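J.: Here it is: the structure, laid out below.
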Amino acid sequence: MKLWVHQKSFCEEELILNPKEFPGIQVGDILEIYHPDEDNSHLLLQVKTLKNVELPQKDIISVEQTIANLFQLRAYKDVAVIPVTSVQDVGLDLVELVFKDQYISRSDMWRLKNNLVRSCIHLQQKIEFTGIRAQVNELWARGEKVMCGAVTEDTRVAFRSSTAMVYMFVQMSSEMWDFDTCGDLYLEKAVNGFLTELFCQWKRSNINSELTLVLFSRTIYEAKTINEFPESMHGALHVDSAGRIYEDFYRVVVHNERRDDWMQMLSTLKQIMWEYNDAVASSHRGDGSIPKGYNCKAADGNLLEAMNMSLNVFDNHYINRNFDRTGQVVEIVTPGAGVFHVDRTLCDITKHRMIDYGIGSDLVCLAEQPPHPVPLLLFNDDIAKSPGSTDTHHIPYWLNYSFYLSPSQRHRNFSSSQSHFIPRIRLPTRNAPDRPSAGLNALPKLPPRTANEMHSSGSHAAGYTDEEWDEFSQFDRTIFKSHPARVKKCNNPFVPASLTTKLTPDRRRWTHTFPHGPHGDVIQLHHRSSSQSLMESSGGSGSELSSSSSASSLCNEFAVEETTAEESPSRIGSLMVNLKRRIGCGWGITGEQAWTPFLQTGVDWKSLTATACFPITTDFYPDKKTLEMDYLESPHTLDIIPDDGDEAFSPSGKTIQSAFEELVSQRLIQNYQLIVLPRSEIASLAHKGSSHLPLVTNPSKHEYILSYGQTYHKIILKPDMKSVEIVRYNARKPRTSPKLGYSYRLWAIRKSGYETAHTRVYHKPVDNKWNHRDNYICLGGEATREGFDLQESLKFWRSRFILLPSASSLVRKLSDQGYQGPVDVFEERSMSQRLTLLDGFLRFVEGWNRKRRAPSRPPSQRPSVVGDPTQTTTPRRLKSRSGPTSGPTSGDSTPTTFQPNPMLSTASINSALASIGIIGGGGAKGKEEGGGVFLPKSPGSPEPDKLSLLTPASHVASIMRSPIEGVSLMTGDVKGLTGDCFVSADAVAWIRKNLIGSVSHDEALSLMQMILEEGHIRSVFSATANKTFLYGYYIYCFVPQSEVTSPDSRRPSGIPATRSPLTLTFDTTSRNPWFEVSCSHPEGGNYGKLSHQPSEESSENRDETAAENQEGVDSAEVEKDNGIGSEPETSFQQPAYKSLFLEIDSSKLKDRVEWCHVGYHSNYNPVSAFEIELQWLTSTPSLLQELITNWARRAVTSGFHLVPTHVDPFGFNWDTSDSLHSPLFIELRLPGDCLGEVKGSGEDSTAMEVGRRIQQAILTRFGFLSNQTSYHSPLASNTQSDHSALPIHSQYVHVTGCAFLLTLPFSQPPPSTLQTQHLPCLCKLGAGHTNSSCPTSASRTQSNGMGFESPIPERYGGKFGFLYVHNYLLSKKWRSSATGDEKFHEALLADFSRFCQGEDGRLVQLLETMRSCKEETSAGADDDQLG
């Protein structure tokens, strides 16, 4: 058969064939294609379609051109096409997928893996699934790499990310200024060697990771007590178990940055490293006399403390979640050899945090590899002082390590012969001899050996008989006999035979990331035997496997040789095959590789470049005896489908199968792992009897087993297909983890020196509210009604965004000038500009709503939206599917179209109005003069009059109903609304346009309030809007005329008791299907004031600038008894946020239904920012990213731009703050008497209020907008029932979104969620001070008088100034002409600092301007009094 090739433009299919030439072939069959006369790769392709594509001639098969080139298949040559009879023959063991610039959840990984089963893949193949894009990087089968194969149910799928969050720590211990064995300085070896090669690898592999680079060290002082130090230093001093006083230092060089080329940063880094010691020594220069200190060795350094710095960020990965990175890894570069002295308790906390959170780690050692297992953590405390502890050391299997060889070392190893000795340890320096006789000549020397002696040394040395050799051997056995230990036997790192331990689930958490060799042992390419060259493993990541199993087999042989007489020689030999999930080696990441001195380690470049994601499967299963003895069983049944419910759908709208799979997915995203075993292994265990059957996942029986630490979950779908049985196995003796306090010296980014900082180190408890979570999943939108709402304990994902007005033209102008001039060119927006922003925001909200869609389900299977009141369906079933129908999906931002009210005709309106008496009149002015609307005229009636503020509300409401001259109504088919609905902003605009005279915004709002109170209109969704008419984008509808006069229509709720279409369509107590936002009109009397009260801040944090500088509004004097005042009634306090249940477009998810929650500001002010927070547990991130992209596109067309923002940029919540981040304080240096001058004489305001006004003026000039925000997520529980449960504080965000500001000093500090308590100091646990707290724990934080602590320290002494934080979430993806580039951000910070320092006189000019304005205002007030 001839081979043809085709391009994708001709056909998208990879394989084209004629079905008639392959009788019996079916879709899904696999064909093997190769040239029979050539020894090249065989191609496996799957038949995906049998469409008859016309081929030029018979006996032809066509392959896509890219695949043909990859497998060296040439066109027009003969190929053999053989059907594969058994998929297991071509099955793959491991598939490695790489993806970039995406966030893929573990649930998505599992669904992608299931989608690949029974498919055929090849190298470099691009895979797409529900918006996920990945590429095949490696394929493994039977212990070797292959180019193609089939994915079976036993195939393991590993994911690697090219865009991860990387925290890199470089240990600046004293060895950094020493030389290695080749004469290279370790500092230069780190920068010019390892980091240079690493960043070259990143650029070559197109890595786009988010990097944070930190230098860290520990300084030990020659002092006996803390009293020898100044009090200002006590905040960061620690005492170790040996009584030494030390201080830890951290210097942040790069913080959450992405660059295309990191090589340019190395010169700056090298300069900082050269000056590191001097900077540490000068950090206490102003503290007075202090004891002498020295930089400690790497072994005594703060390794675990530095790792926990990154873990404090990683364990909050669900907060500030972005959609363009996946994976978390901590990398440590040390000049040591991998041996560290650590605290026992801190080691235990770090181990469980690393394992349970699924964090990747890499320890890169620059020194020579020692002749014993590493990493090796030696405990500082004494065993006698630690009850229950027997080990004196720990080999961290959870820490992947590498040894870097510089180019000179690699050249030396390559050029030298194997007989040359290469030292692997640093020999101690020999002291000068005290006695003259103790010289080199005094050492005994062995005589030189002859060639015959050397030849005969293989059996025994020449001159000794066999009896003598036996005597020598007996003597050696006696001398070196192992004595029984006084304590429990533990692993000896110098005896490989003792490095055996009982395996646990934690030990096997990462095993499915690595390929397996021919004998089933794990392959790690950077671990090689000494007989193999380290050139490839040290120089690149693309090294091929050469004798991959030789190291493992050599390890086993060496372990057998070292086994003592008391141990079975086959104990270690059978370790790899039979007992690999019960007993394993104490060294290594999986426990399958035995350590040997002949094992040399290179650099794991693959792990350092493409970060491995935490596997979704594991092979460690619990045996029945362990479950019975050590675990408590907690079963319960979850009824997904009610007895009277639909047989196919759960209350959440999911099918029973998708709801069942979602329960499994929820455990996967919480770092649970599926326990799976190959079918062959399960069959072999089944032959031994039912007692040996493992507790593993069995998809064919709908039974899934998952593990996490000391917890197992078994999820079974019952045969009735309506309920799920869930069994939780919890340990009888759960481990406990203390919460420790840690203080240190931090030089944060953009700071000028070290400052004392504090953080907490602890293992966050595992979520135990699985019953709550499972019910939330099954109930969907009805979860809140049933009491299973979204809670913080569920650790849901959240991303916060902020909507800002676009200033792209101004930013572009500054960019054209090269940012050479001042940046304080932002002016306060005029009235017309504010009105334009308000109109654009209403269009944005309109597009916001029109983008929403209902689930793509056949109409026959979707419950009715309106329904029948006599229907007997359960309320939960009816309400669960009471969502809106699908609405328009176009991106048009024009107002909704007009449609007449089908309930009232024009004739009926005219007839009704003809009989109504008219009170007052508008005179003889025409419509052109007065701008009013003529009242309809009936026969015999007076001349038509115009509408005015004196017209009765009922009469105005009747005119508003008019299909010709009334208010613009929304289309009747928009998401289930009837044709008599309108937007509140349109109604107010109609009142102001059609009433005679100059009607102000407040007067129109008061008139609409009267119409609402009289029952002519009501809110469709909001109960609050039924009491108070809210201006903005709120949906109201007209009440039918027959119901207006009924008593029920005048109830405060505004909901009539009689039957109405809207009453059954939308329940005001259920989820709100529309985004509704109130707006502050620039001409309103309450403009610039908050509709909600901040829970902790006084009035100076409100937007006073807008209130003081607003333009005047001419309000007509109207009699009070008429019911229309100059200002509307706004006595209620509106919550700061609203929460909405949002269903995701499921057209790409087949039968899967997804939803999320949206928390957003309830009110929009044109001079303030507008926040939106996305919250989800069940949604696919790629679909959410598409949703956010649509919102951002809508914002641009409306005159705004949408950027990501931090939930807590200033770290008010200590439990979720970044330990390596600190706000930058910018002091506002005001002249001594400026506060009194600006205040003026006779004014009652305080200096604090005057300082606030100066700060507001400065912020306005630099383009900062006020933002009333909270560091808690707005949920249904804290936005509807009691809005005071959500603390609100005021901060400022730049109009470009690049920075945040907070004004100082605080009138009242924003409250923290942390109660006042003294934590045990991390450093004193080893010394037996478990109940003591840090030296200055009482002075770390300031109390705000409410029983809380604020993480903002009192180091600023009440000075006026600002706290500045850079928005590092504003990545390259989000940048535009409205956000500016990095140069603009740097220019903004520099110019803002210069302005506040008063360097160029602009601050003085501002103060003079404010003083002159104050004098003019006072003079004008005096003139008014005289007049």
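By convention here, the chains of the structure tokens are called A, B, ... in the order presented, each chain's residues are numbered starting at 1, and ligands are numbered starting at 1 in the order presented.
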With a distance cut-off of 9 Å and only C-alpha atoms, select the neighbouring residues of Phe1210 (chain A), excluding the residue or stretch itself and same-chain residues fewer than 5 positions from it, and output the selection as a PyMOL selection string.
T.: chain A and resi 1217+1221-1223+1300-1302+1351-1352+1363-1365
J.: Could you please take those selected residues and save N, CA, C and O atoms as an mmCIF file, in the first residue's frame?
T.:
```
data_model
loop_
_atom_site.group_PDB
_atom_site.id
_atom_site.type_symbol
_atom_site.label_atom_id
_atom_site.label_comp_id
_atom_site.auth_asym_id
_atom_site.auth_seq_id
_atom_site.Cartn_x
_atom_site.Cartn_y
_atom_site.Cartn_z
ATOM 1 N N SER A 1217 -1.423 36.479 54.490
ATOM 2 C CA SER A 1217 -0.497 37.467 53.949
ATOM 3 C C SER A 1217 0.806 36.806 53.501
ATOM 4 O O SER A 1217 1.140 35.698 53.910
ATOM 5 N N HIS A 1221 6.575 39.934 51.812
ATOM 6 C CA HIS A 1221 6.074 41.171 51.213
ATOM 7 C C HIS A 1221 5.773 42.168 52.319
ATOM 8 O O HIS A 1221 5.225 41.814 53.367
ATOM 9 N N SER A 1222 6.105 43.412 52.078
ATOM 10 C CA SER A 1222 5.873 44.473 53.055
ATOM 11 C C SER A 1222 5.556 45.762 52.315
ATOM 12 O O SER A 1222 6.246 46.108 51.352
ATOM 13 N N PRO A 1223 4.497 46.470 52.736
ATOM 14 C CA PRO A 1223 4.171 47.740 52.060
ATOM 15 C C PRO A 1223 5.287 48.758 52.236
ATOM 16 O O PRO A 1223 5.989 48.789 53.246
ATOM 17 N N PHE A 1300 -1.564 50.263 44.825
ATOM 18 C CA PHE A 1300 -2.545 50.521 45.870
ATOM 19 C C PHE A 1300 -1.903 51.436 46.919
ATOM 20 O O PHE A 1300 -0.697 51.349 47.176
ATOM 21 N N LEU A 1301 -2.718 52.277 47.538
ATOM 22 C CA LEU A 1301 -2.244 53.173 48.573
ATOM 23 C C LEU A 1301 -3.185 53.116 49.774
ATOM 24 O O LEU A 1301 -4.392 52.896 49.634
ATOM 25 N N LEU A 1302 -2.594 53.330 50.927
ATOM 26 C CA LEU A 1302 -3.330 53.419 52.174
ATOM 27 C C LEU A 1302 -2.812 54.631 52.924
ATOM 28 O O LEU A 1302 -1.591 54.819 53.038
ATOM 29 N N PRO A 1351 -1.753 43.825 61.652
ATOM 30 C CA PRO A 1351 -0.388 43.503 61.249
ATOM 31 C C PRO A 1351 0.417 44.707 60.820
ATOM 32 O O PRO A 1351 1.589 44.589 60.516
ATOM 33 N N ILE A 1352 -0.193 45.895 60.741
ATOM 34 C CA ILE A 1352 0.562 47.100 60.416
ATOM 35 C C ILE A 1352 1.230 47.589 61.692
ATOM 36 O O ILE A 1352 0.564 48.020 62.634
ATOM 37 N N LEU A 1363 1.075 54.112 52.586
ATOM 38 C CA LEU A 1363 1.612 52.775 52.372
ATOM 39 C C LEU A 1363 1.368 52.399 50.924
ATOM 40 O O LEU A 1363 0.226 52.438 50.445
ATOM 41 N N TYR A 1364 2.428 52.033 50.236
ATOM 42 C CA TYR A 1364 2.385 51.775 48.795
ATOM 43 C C TYR A 1364 2.605 50.288 48.545
ATOM 44 O O TYR A 1364 3.522 49.677 49.110
ATOM 45 N N VAL A 1365 1.761 49.710 47.702
ATOM 46 C CA VAL A 1365 1.886 48.299 47.323
ATOM 47 C C VAL A 1365 1.739 48.199 45.821
ATOM 48 O O VAL A 1365 0.798 48.769 45.236
#
```
J.: Which residues, written as an MDAnalysis selection string, have at least one atom at most 8 Å from Cys296 (chain A), with only C-alpha atoms counted and residues fewer than 4 positions away on the same chain left out?
T.: chainID A and resid 173:174 217:220 300:301
J.: What's the separation between CA of Asp287 (chain A) and CA of Ala223 (chain A), in Å to one decimal place?
T.: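 Going from CA of Asp287 (chain A) over to CA of Ala223 (chain A) covers 16.1 Å.
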J.: Would you compute the distance between CA of Phe1225 (chain A) and CA of Asp248 (chain A)? Give it in Å to one decimal.
T.: 22.6 Å
J.: From region 211-321 of chain A, collect each residue whose DSSP state is alpha helix (DSSP H) and return the set as an MDAnalysis selection string.
T.: chainID A and resid 265:274 276:281 303:314
J.: Please write the residues from the selection above to a file, keeping N, CA and C atoms, as a PDB file, in the first residue's frame.
T.:
```
ATOM      1  N   MET A 265      19.197  40.217  34.666  1.00  0.00           N
ATOM      2  CA  MET A 265      19.075  40.408  36.101  1.00  0.00           C
ATOM      3  C   MET A 265      20.290  39.899  36.869  1.00  0.00           C
ATOM      4  N   LEU A 266      21.083  39.031  36.274  1.00  0.00           N
ATOM      5  CA  LEU A 266      22.176  38.395  36.996  1.00  0.00           C
ATOM      6  C   LEU A 266      23.253  39.392  37.426  1.00  0.00           C
ATOM      7  N   SER A 267      23.499  40.411  36.635  1.00  0.00           N
ATOM      8  CA  SER A 267      24.510  41.394  37.034  1.00  0.00           C
ATOM      9  C   SER A 267      24.071  42.149  38.289  1.00  0.00           C
ATOM     10  N   THR A 268      22.791  42.501  38.353  1.00  0.00           N
ATOM     11  CA  THR A 268      22.273  43.152  39.560  1.00  0.00           C
ATOM     12  C   THR A 268      22.324  42.213  40.750  1.00  0.00           C
ATOM     13  N   LEU A 269      21.975  40.965  40.515  1.00  0.00           N
ATOM     14  CA  LEU A 269      22.008  39.981  41.601  1.00  0.00           C
ATOM     15  C   LEU A 269      23.420  39.779  42.125  1.00  0.00           C
ATOM     16  N   LYS A 270      24.369  39.702  41.246  1.00  0.00           N
ATOM     17  CA  LYS A 270      25.751  39.491  41.674  1.00  0.00           C
ATOM     18  C   LYS A 270      26.256  40.667  42.502  1.00  0.00           C
ATOM     19  N   GLN A 271      25.872  41.872  42.126  1.00  0.00           N
ATOM     20  CA  GLN A 271      26.284  43.038  42.894  1.00  0.00           C
ATOM     21  C   GLN A 271      25.674  43.013  44.288  1.00  0.00           C
ATOM     22  N   ILE A 272      24.410  42.619  44.388  1.00  0.00           N
ATOM     23  CA  ILE A 272      23.756  42.533  45.699  1.00  0.00           C
ATOM     24  C   ILE A 272      24.408  41.450  46.550  1.00  0.00           C
ATOM     25  N   MET A 273      24.793  40.355  45.936  1.00  0.00           N
ATOM     26  CA  MET A 273      25.422  39.281  46.693  1.00  0.00           C
ATOM     27  C   MET A 273      26.803  39.689  47.199  1.00  0.00           C
ATOM     28  N   TRP A 274      27.551  40.431  46.399  1.00  0.00           N
ATOM     29  CA  TRP A 274      28.860  40.900  46.856  1.00  0.00           C
ATOM     30  C   TRP A 274      28.725  41.823  48.055  1.00  0.00           C
ATOM     31  N   TYR A 276      26.280  41.765  50.249  1.00  0.00           N
ATOM     32  CA  TYR A 276      25.321  41.205  51.202  1.00  0.00           C
ATOM     33  C   TYR A 276      25.831  41.299  52.644  1.00  0.00           C
ATOM     34  N   ASN A 277      27.052  40.869  52.871  1.00  0.00           N
ATOM     35  CA  ASN A 277      27.592  40.885  54.238  1.00  0.00           C
ATOM     36  C   ASN A 277      27.668  42.294  54.811  1.00  0.00           C
ATOM     37  N   ASP A 278      28.064  43.247  53.982  1.00  0.00           N
ATOM     38  CA  ASP A 278      28.145  44.629  54.453  1.00  0.00           C
ATOM     39  C   ASP A 278      26.755  45.171  54.794  1.00  0.00           C
ATOM     40  N   ALA A 279      25.746  44.793  53.996  1.00  0.00           N
ATOM     41  CA  ALA A 279      24.390  45.274  54.273  1.00  0.00           C
ATOM     42  C   ALA A 279      23.856  44.693  55.570  1.00  0.00           C
ATOM     43  N   VAL A 280      24.156  43.415  55.841  1.00  0.00           N
ATOM     44  CA  VAL A 280      23.716  42.803  57.093  1.00  0.00           C
ATOM     45  C   VAL A 280      24.437  43.440  58.281  1.00  0.00           C
ATOM     46  N   ALA A 281      25.729  43.685  58.130  1.00  0.00           N
ATOM     47  CA  ALA A 281      26.499  44.270  59.232  1.00  0.00           C
ATOM     48  C   ALA A 281      26.052  45.688  59.551  1.00  0.00           C
ATOM     49  N   LEU A 303      17.330  26.940  56.911  1.00  0.00           N
ATOM     50  CA  LEU A 303      16.777  26.292  55.725  1.00  0.00           C
ATOM     51  C   LEU A 303      15.273  26.112  55.841  1.00  0.00           C
ATOM     52  N   LEU A 304      14.799  25.449  56.895  1.00  0.00           N
ATOM     53  CA  LEU A 304      13.370  25.161  57.028  1.00  0.00           C
ATOM     54  C   LEU A 304      12.569  26.438  57.228  1.00  0.00           C
ATOM     55  N   GLU A 305      13.141  27.414  57.910  1.00  0.00           N
ATOM     56  CA  GLU A 305      12.436  28.678  58.072  1.00  0.00           C
ATOM     57  C   GLU A 305      12.194  29.344  56.721  1.00  0.00           C
ATOM     58  N   ALA A 306      13.211  29.294  55.852  1.00  0.00           N
ATOM     59  CA  ALA A 306      13.053  29.887  54.526  1.00  0.00           C
ATOM     60  C   ALA A 306      12.006  29.136  53.709  1.00  0.00           C
ATOM     61  N   MET A 307      11.987  27.821  53.813  1.00  0.00           N
ATOM     62  CA  MET A 307      10.993  27.058  53.065  1.00  0.00           C
ATOM     63  C   MET A 307       9.583  27.396  53.528  1.00  0.00           C
ATOM     64  N   ASN A 308       9.397  27.589  54.818  1.00  0.00           N
ATOM     65  CA  ASN A 308       8.068  27.921  55.313  1.00  0.00           C
ATOM     66  C   ASN A 308       7.630  29.308  54.889  1.00  0.00           C
ATOM     67  N   MET A 309       8.575  30.169  54.548  1.00  0.00           N
ATOM     68  CA  MET A 309       8.202  31.467  53.992  1.00  0.00           C
ATOM     69  C   MET A 309       7.387  31.294  52.705  1.00  0.00           C
ATOM     70  N   SER A 310       7.837  30.396  51.861  1.00  0.00           N
ATOM     71  CA  SER A 310       7.097  30.142  50.624  1.00  0.00           C
ATOM     72  C   SER A 310       5.828  29.350  50.880  1.00  0.00           C
ATOM     73  N   LEU A 311       5.859  28.440  51.847  1.00  0.00           N
ATOM     74  CA  LEU A 311       4.666  27.647  52.140  1.00  0.00           C
ATOM     75  C   LEU A 311       3.542  28.515  52.678  1.00  0.00           C
ATOM     76  N   ASN A 312       3.874  29.613  53.349  1.00  0.00           N
ATOM     77  CA  ASN A 312       2.830  30.528  53.801  1.00  0.00           C
ATOM     78  C   ASN A 312       2.079  31.144  52.630  1.00  0.00           C
ATOM     79  N   VAL A 313       2.706  31.209  51.478  1.00  0.00           N
ATOM     80  CA  VAL A 313       2.040  31.702  50.275  1.00  0.00           C
ATOM     81  C   VAL A 313       1.350  30.558  49.545  1.00  0.00           C
ATOM     82  N   PHE A 314       2.010  29.414  49.475  1.00  0.00           N
ATOM     83  CA  PHE A 314       1.470  28.301  48.708  1.00  0.00           C
ATOM     84  C   PHE A 314       0.196  27.731  49.328  1.00  0.00           C
TER      85      PHE A 314
END
```
J.: Hey, what's within 10 Å of region 166-172 of chain A if we count only C-alpha atoms and toss same-chain stuff fewer than 5 positions away? As a PyMOL selection string, please?
T.: chain A and resi 177+186-187+190+209-218+249-252+254-257+273+276-277+295-298+301-303+306-307+309-311+313-314+327-336+360-364+608-609+611
J.: List the spatial neighbours of Leu706 (chain A) as a VMD selection string - criterion: any atom at most 7 Å away, only C-alpha atoms, same-chain residues fewer than 2 positions off excluded.
T.: chain A and resid 672 to 675 704 712 to 714
